[in-house]
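Reproduced below: query_32.cif, with mmCIF, C-alpha atoms, pLDDT in the B column; chains and numbers go by the auth columns.
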```cif
data_protein
loop_
_atom_site.group_PDB
_atom_site.id
_atom_site.type_symbol
_atom_site.label_atom_id
_atom_site.label_comp_id
_atom_site.label_asym_id
_atom_site.label_seq_id
_atom_site.Cartn_x
_atom_site.Cartn_y
_atom_site.Cartn_z
_atom_site.B_iso_or_equiv
_atom_site.auth_seq_id
_atom_site.auth_asym_id
ATOM 1 C CA GLN A 1 -13.518 34.425 55.759 89.00 1 R
ATOM 2 C CA VAL A 2 -16.749 35.176 57.557 92.00 2 R
ATOM 3 C CA GLN A 3 -19.941 33.253 56.944 95.00 3 R
ATOM 4 C CA LEU A 4 -23.383 34.440 57.988 96.00 4 R
ATOM 5 C CA VAL A 5 -26.276 32.060 57.519 96.00 5 R
ATOM 6 C CA GLU A 6 -29.824 33.285 58.050 97.00 6 R
ATOM 7 C CA SER A 7 -32.805 31.039 58.666 97.00 7 R
ATOM 8 C CA GLY A 8 -36.375 31.235 59.852 98.00 8 R
ATOM 9 C CA GLY A 9 -38.044 33.052 56.992 98.00 9 R
ATOM 10 C CA ASP A 10 -41.503 31.815 56.058 97.00 10 R
ATOM 11 C CA LEU A 11 -44.982 32.696 54.841 98.00 11 R
ATOM 12 C CA VAL A 12 -47.113 33.960 57.709 98.00 12 R
ATOM 13 C CA GLN A 13 -50.469 35.652 58.090 98.00 13 R
ATOM 14 C CA ALA A 14 -50.758 39.255 59.186 98.00 14 R
ATOM 15 C CA GLY A 15 -50.621 39.484 62.963 98.00 15 R
ATOM 16 C CA GLY A 16 -48.393 36.440 63.211 98.00 16 R
ATOM 17 C CA SER A 17 -44.867 36.011 64.497 98.00 17 R
ATOM 18 C CA LEU A 18 -41.547 34.697 63.246 98.00 18 R
ATOM 19 C CA ARG A 19 -38.064 34.393 64.643 98.00 19 R
ATOM 20 C CA LEU A 20 -35.103 34.808 62.314 98.00 20 R
ATOM 21 C CA SER A 21 -31.677 33.494 63.179 98.00 21 R
ATOM 22 C CA CYS A 22 -28.244 34.412 61.857 97.00 22 R
ATOM 23 C CA ALA A 23 -25.375 32.088 62.677 96.00 23 R
ATOM 24 C CA ALA A 24 -21.869 33.480 62.271 95.00 24 R
ATOM 25 C CA SER A 25 -18.746 31.432 61.669 92.00 25 R
ATOM 26 C CA GLY A 26 -15.230 31.791 60.347 90.00 26 R
ATOM 27 C CA SER A 27 -12.922 34.678 61.199 85.00 27 R
ATOM 28 C CA ILE A 28 -15.387 36.471 63.438 83.00 28 R
ATOM 29 C CA GLY A 29 -13.021 37.147 66.290 83.00 29 R
ATOM 30 C CA ILE A 30 -14.810 37.542 69.593 85.00 30 R
ATOM 31 C CA PHE A 31 -18.428 37.461 68.509 86.00 31 R
ATOM 32 C CA SER A 32 -19.656 39.479 71.471 81.00 32 R
ATOM 33 C CA THR A 33 -17.602 42.457 70.334 84.00 33 R
ATOM 34 C CA ASN A 34 -19.169 42.632 66.889 89.00 34 R
ATOM 35 C CA THR A 35 -22.012 44.924 65.961 93.00 35 R
ATOM 36 C CA MET A 36 -24.741 42.880 64.309 95.00 36 R
ATOM 37 C CA ASP A 37 -27.598 44.205 62.199 96.00 37 R
ATOM 38 C CA TRP A 38 -30.699 43.055 60.417 98.00 38 R
ATOM 39 C CA TYR A 39 -31.635 44.717 57.134 98.00 39 R
ATOM 40 C CA ARG A 40 -34.488 44.028 54.758 98.00 40 R
ATOM 41 C CA GLN A 41 -35.212 44.649 51.104 98.00 41 R
ATOM 42 C CA ALA A 42 -38.665 44.588 49.600 97.00 42 R
ATOM 43 C CA PRO A 43 -39.201 44.226 45.838 92.00 43 R
ATOM 44 C CA GLY A 44 -38.436 47.470 44.049 94.00 44 R
ATOM 45 C CA LYS A 45 -37.179 49.148 47.201 96.00 45 R
ATOM 46 C CA GLN A 46 -33.804 49.941 48.696 97.00 46 R
ATOM 47 C CA ARG A 47 -32.340 47.819 51.437 97.00 47 R
ATOM 48 C CA GLU A 48 -33.194 49.332 54.809 98.00 48 R
ATOM 49 C CA LEU A 49 -31.873 48.929 58.320 98.00 49 R
ATOM 50 C CA VAL A 50 -34.286 47.140 60.638 98.00 50 R
ATOM 51 C CA ALA A 51 -32.392 46.666 63.896 98.00 51 R
ATOM 52 C CA VAL A 52 -28.906 46.879 65.388 98.00 52 R
ATOM 53 C CA ILE A 53 -27.376 45.267 68.449 97.00 53 R
ATOM 54 C CA PHE A 54 -24.072 46.609 69.721 94.00 54 R
ATOM 55 C CA ARG A 55 -21.325 44.878 71.640 89.00 55 R
ATOM 56 C CA GLY A 56 -22.735 45.974 74.973 87.00 56 R
ATOM 57 C CA GLY A 57 -26.201 44.738 74.111 91.00 57 R
ATOM 58 C CA SER A 58 -27.794 48.080 73.406 95.00 58 R
ATOM 59 C CA THR A 59 -30.196 48.134 70.491 97.00 59 R
ATOM 60 C CA VAL A 60 -31.603 50.478 67.887 98.00 60 R
ATOM 61 C CA TYR A 61 -34.712 49.930 65.757 98.00 61 R
ATOM 62 C CA ALA A 62 -36.261 51.450 62.689 98.00 62 R
ATOM 63 C CA ASP A 63 -39.382 53.400 63.568 98.00 63 R
ATOM 64 C CA SER A 64 -41.462 51.072 61.429 97.00 64 R
ATOM 65 C CA VAL A 65 -40.676 48.058 63.641 98.00 65 R
ATOM 66 C CA LYS A 66 -40.363 49.584 67.107 98.00 66 R
ATOM 67 C CA GLY A 67 -42.461 47.742 69.634 97.00 67 R
ATOM 68 C CA ARG A 68 -42.958 44.777 67.284 98.00 68 R
ATOM 69 C CA PHE A 69 -39.448 43.452 66.597 98.00 69 R
ATOM 70 C CA THR A 70 -36.724 42.497 69.057 98.00 70 R
ATOM 71 C CA ILE A 71 -33.092 41.884 68.194 98.00 71 R
ATOM 72 C CA SER A 72 -31.021 39.734 70.523 97.00 72 R
ATOM 73 C CA ARG A 73 -27.820 37.737 70.522 95.00 73 R
ATOM 74 C CA ASP A 74 -26.470 34.535 71.998 94.00 74 R
ATOM 75 C CA ASN A 75 -22.737 35.029 72.125 92.00 75 R
ATOM 76 C CA ALA A 76 -22.121 31.433 73.164 93.00 76 R
ATOM 77 C CA LYS A 77 -23.748 30.298 69.906 95.00 77 R
ATOM 78 C CA ASN A 78 -22.376 33.119 67.721 94.00 78 R
ATOM 79 C CA THR A 79 -25.956 33.807 66.725 96.00 79 R
ATOM 80 C CA VAL A 80 -28.156 36.871 66.465 97.00 80 R
ATOM 81 C CA TYR A 81 -31.937 36.710 66.372 98.00 81 R
ATOM 82 C CA LEU A 82 -34.780 38.878 65.184 98.00 82 R
ATOM 83 C CA GLN A 83 -38.070 38.150 66.902 98.00 83 R
ATOM 84 C CA MET A 84 -40.878 39.610 64.835 98.00 84 R
ATOM 85 C CA SER A 85 -44.438 39.909 66.063 98.00 85 R
ATOM 86 C CA SER A 86 -47.623 41.641 64.922 98.00 86 R
ATOM 87 C CA LEU A 87 -46.365 41.196 61.393 98.00 87 R
ATOM 88 C CA LYS A 88 -47.843 43.325 58.631 98.00 88 R
ATOM 89 C CA PRO A 89 -47.934 42.806 54.860 97.00 89 R
ATOM 90 C CA GLU A 90 -45.485 45.693 54.534 97.00 90 R
ATOM 91 C CA ASP A 91 -42.936 43.645 56.474 98.00 91 R
ATOM 92 C CA THR A 92 -42.674 41.362 53.444 98.00 92 R
ATOM 93 C CA ALA A 93 -39.056 41.393 52.286 98.00 93 R
ATOM 94 C CA VAL A 94 -35.835 39.473 52.124 98.00 94 R
ATOM 95 C CA TYR A 95 -34.152 39.869 55.496 98.00 95 R
ATOM 96 C CA TYR A 96 -30.365 40.042 55.624 98.00 96 R
ATOM 97 C CA CYS A 97 -27.967 39.674 58.490 97.00 97 R
ATOM 98 C CA ASN A 98 -24.991 42.019 58.554 96.00 98 R
ATOM 99 C CA ALA A 99 -21.876 41.929 60.705 94.00 99 R
ATOM 100 C CA LEU A 100 -19.321 44.665 61.230 90.00 100 R
ATOM 101 C CA ILE A 101 -16.050 42.868 61.955 89.00 101 R
ATOM 102 C CA ASN A 102 -12.696 44.642 62.069 86.00 102 R
ATOM 103 C CA GLY A 103 -14.090 47.518 60.066 88.00 103 R
ATOM 104 C CA ARG A 104 -15.580 45.374 57.290 91.00 104 R
ATOM 105 C CA ASN A 105 -19.208 44.584 56.558 93.00 105 R
ATOM 106 C CA TYR A 106 -20.258 41.029 55.891 95.00 106 R
ATOM 107 C CA TRP A 107 -23.648 39.887 54.595 97.00 107 R
ATOM 108 C CA GLY A 108 -25.633 36.709 54.698 96.00 108 R
ATOM 109 C CA GLN A 109 -27.564 35.343 51.750 97.00 109 R
ATOM 110 C CA GLY A 110 -30.931 36.489 53.061 97.00 110 R
ATOM 111 C CA THR A 111 -34.128 34.780 54.132 98.00 111 R
ATOM 112 C CA GLN A 112 -37.565 35.496 52.666 98.00 112 R
ATOM 113 C CA VAL A 113 -40.373 36.710 54.915 98.00 113 R
ATOM 114 C CA THR A 114 -43.803 36.959 53.340 98.00 114 R
ATOM 115 C CA VAL A 115 -46.765 38.303 55.280 98.00 115 R
ATOM 116 C CA SER A 116 -50.180 37.691 53.772 97.00 116 R
ATOM 117 C CA SER A 117 -53.158 39.934 54.493 93.00 117 R
#
```
So that I can check it, write out the structure of this file as structure tokens.
Amino acid sequence: QVQLVESGGDLVQAGGSLRLSCAASGSIGIFSTNTMDWYRQAPGKQRELVAVIFRGGSTVYADSVKGRFTISRDNAKNTVYLQMSSLKPEDTAVYYCNALINGRNYWGQGTQVTVSS
């Protein structure tokens, strides 16, 4: 069993910042070797990839968040973060943490981010 618990979602004004956290526990193996992702899903839209961090620390971002969001990980705490700045109303969504562990995808329950204009 793998558990992913997201936190940090909130209501924020446009231009503001938030930091999301995703704590992993259970049968995660060596956390530093796992690829970790953040996805988001806005109402009426498909879930989309926001950012990825690979085992070596390299990262990939969706074009819509490049330069504004930063994904990072603390392997000692089995936690991945998403630092979000210059938030826009279109960033409003439920943000999900995803882990690829031994070839399987695991999801957290999601955390709501709402950006008001």
Spatial neighbours of Val80 (chain R), max dist 6 Å, only C-alpha atoms, sep filter under 2 positions, as a VMD selection string: chain R and resid 21 to 22 72 to 73
Those selected residues, please, written with C-alpha atoms and delivered as a compact mmCIF listing (two decimals), in the coordinates of the input.
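Output below, filename selection-v4.txt:
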```txt
# COMPACT_ATOMS: atom_id res chain seq x y z
CA SER R 21 -31.68 33.49 63.18
CA CYS R 22 -28.24 34.41 61.86
CA SER R 72 -31.02 39.73 70.52
CA ARG R 73 -27.82 37.74 70.52
```
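Closest to Asp37 (chain R) among R:Thr111, R:Ser25, R:Thr59, R:Asn78 is R:Thr59, based on only C-alpha atoms.
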Using all atoms listed in the file, find the one residue out of R:Leu11, R:Ile101, R:Ala51, R:Val2 that sits nearest to Gly26 (chain R). R:Val2
Would you mind telling me which residue in R:Ala93, R:Leu4, R:Val115, R:Ala14 lies nearest to Ile28 (chain R) when using all atoms listed in the file? R:Leu4
Could you state which residues are captured by the PyMOL selection byres ((chain R and resi 61) around 8) in this file, as a list in words? Val50, Ala51, Val52, Thr59, Val60, Ala62, Asp63, Val65 and Lys66 of chain R
Output C-alpha atoms for every residue in that selection, as a short mmCIF file (atom, residue, chain, number, x, y, z; two decimals), in the coordinates of the input.
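Output file again_14.cif is given in full below:
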```cif
data_model
loop_
_atom_site.label_atom_id
_atom_site.label_comp_id
_atom_site.auth_asym_id
_atom_site.auth_seq_id
_atom_site.Cartn_x
_atom_site.Cartn_y
_atom_site.Cartn_z
CA VAL R 50 -34.29 47.14 60.64
CA ALA R 51 -32.39 46.67 63.90
CA VAL R 52 -28.91 46.88 65.39
CA THR R 59 -30.20 48.13 70.49
CA VAL R 60 -31.60 50.48 67.89
CA ALA R 62 -36.26 51.45 62.69
CA ASP R 63 -39.38 53.40 63.57
CA VAL R 65 -40.68 48.06 63.64
CA LYS R 66 -40.36 49.58 67.11
#
```
How many Å lie between CA of Gly15 (chain R) and CA of Leu49 (chain R), rounded to one decimal?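 Here the two named atoms are 21.5 Å from each other.
Minimum atom-to-atom distance to Lys45 (chain R), evaluated using all atoms listed in the file, belongs to R:Thr92 out of R:Thr92, R:Gln109, R:Ser27, R:Thr33.
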Applying 7 Å and only C-alpha atoms, which residues near region 39-41 of chain R remain after dropping the ones on its own chain fewer than 5 positions away? List them as an MDAnalysis selection string. chainID R and resid 46:50 93:97
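Counting from CA of Gly110 (chain R), the distance to CA of Arg68 (chain R) is 20.4 Å.
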Once the PyMOL selection byres ((chain R and resi 89) around 6) is applied to the coordinates I shared, what remains selected? I want it as number ranges by chain. R: 88, 90-92, 115-117
In terms of the shortest atom-to-atom distance over all atoms listed in the file, which of R:Gln83, R:Ser64, R:Gly16, R:Ala24 is closest to Gln1 (chain R)?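 Using all atoms listed in the file, the shortest distance to Gln1 (chain R) belongs to R:Ala24.
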Enumerate, as a compact mmCIF listing (two decimals) with C-alpha atoms, in the frame of the given file, the residues matched when the PyMOL selection byres ((chain R and resi 107) around 6) is run on the file above.
```txt
# COMPACT_ATOMS: atom_id res chain seq x y z
CA CYS R 97 -27.97 39.67 58.49
CA ASN R 98 -24.99 42.02 58.55
CA TYR R 106 -20.26 41.03 55.89
CA GLY R 108 -25.63 36.71 54.70
```
Length of the CA of Ser7 (chain R) to CA of Ser32 (chain R) vector [Å]: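 Result for CA of Ser7 (chain R) versus CA of Ser32 (chain R): 20.2 Å, one decimal.
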Pick from R:Leu87, R:Ala76, R:Ala42, R:Ile71, whichever lies nearest to Leu20 (chain R) using only C-alpha atoms: R:Ile71
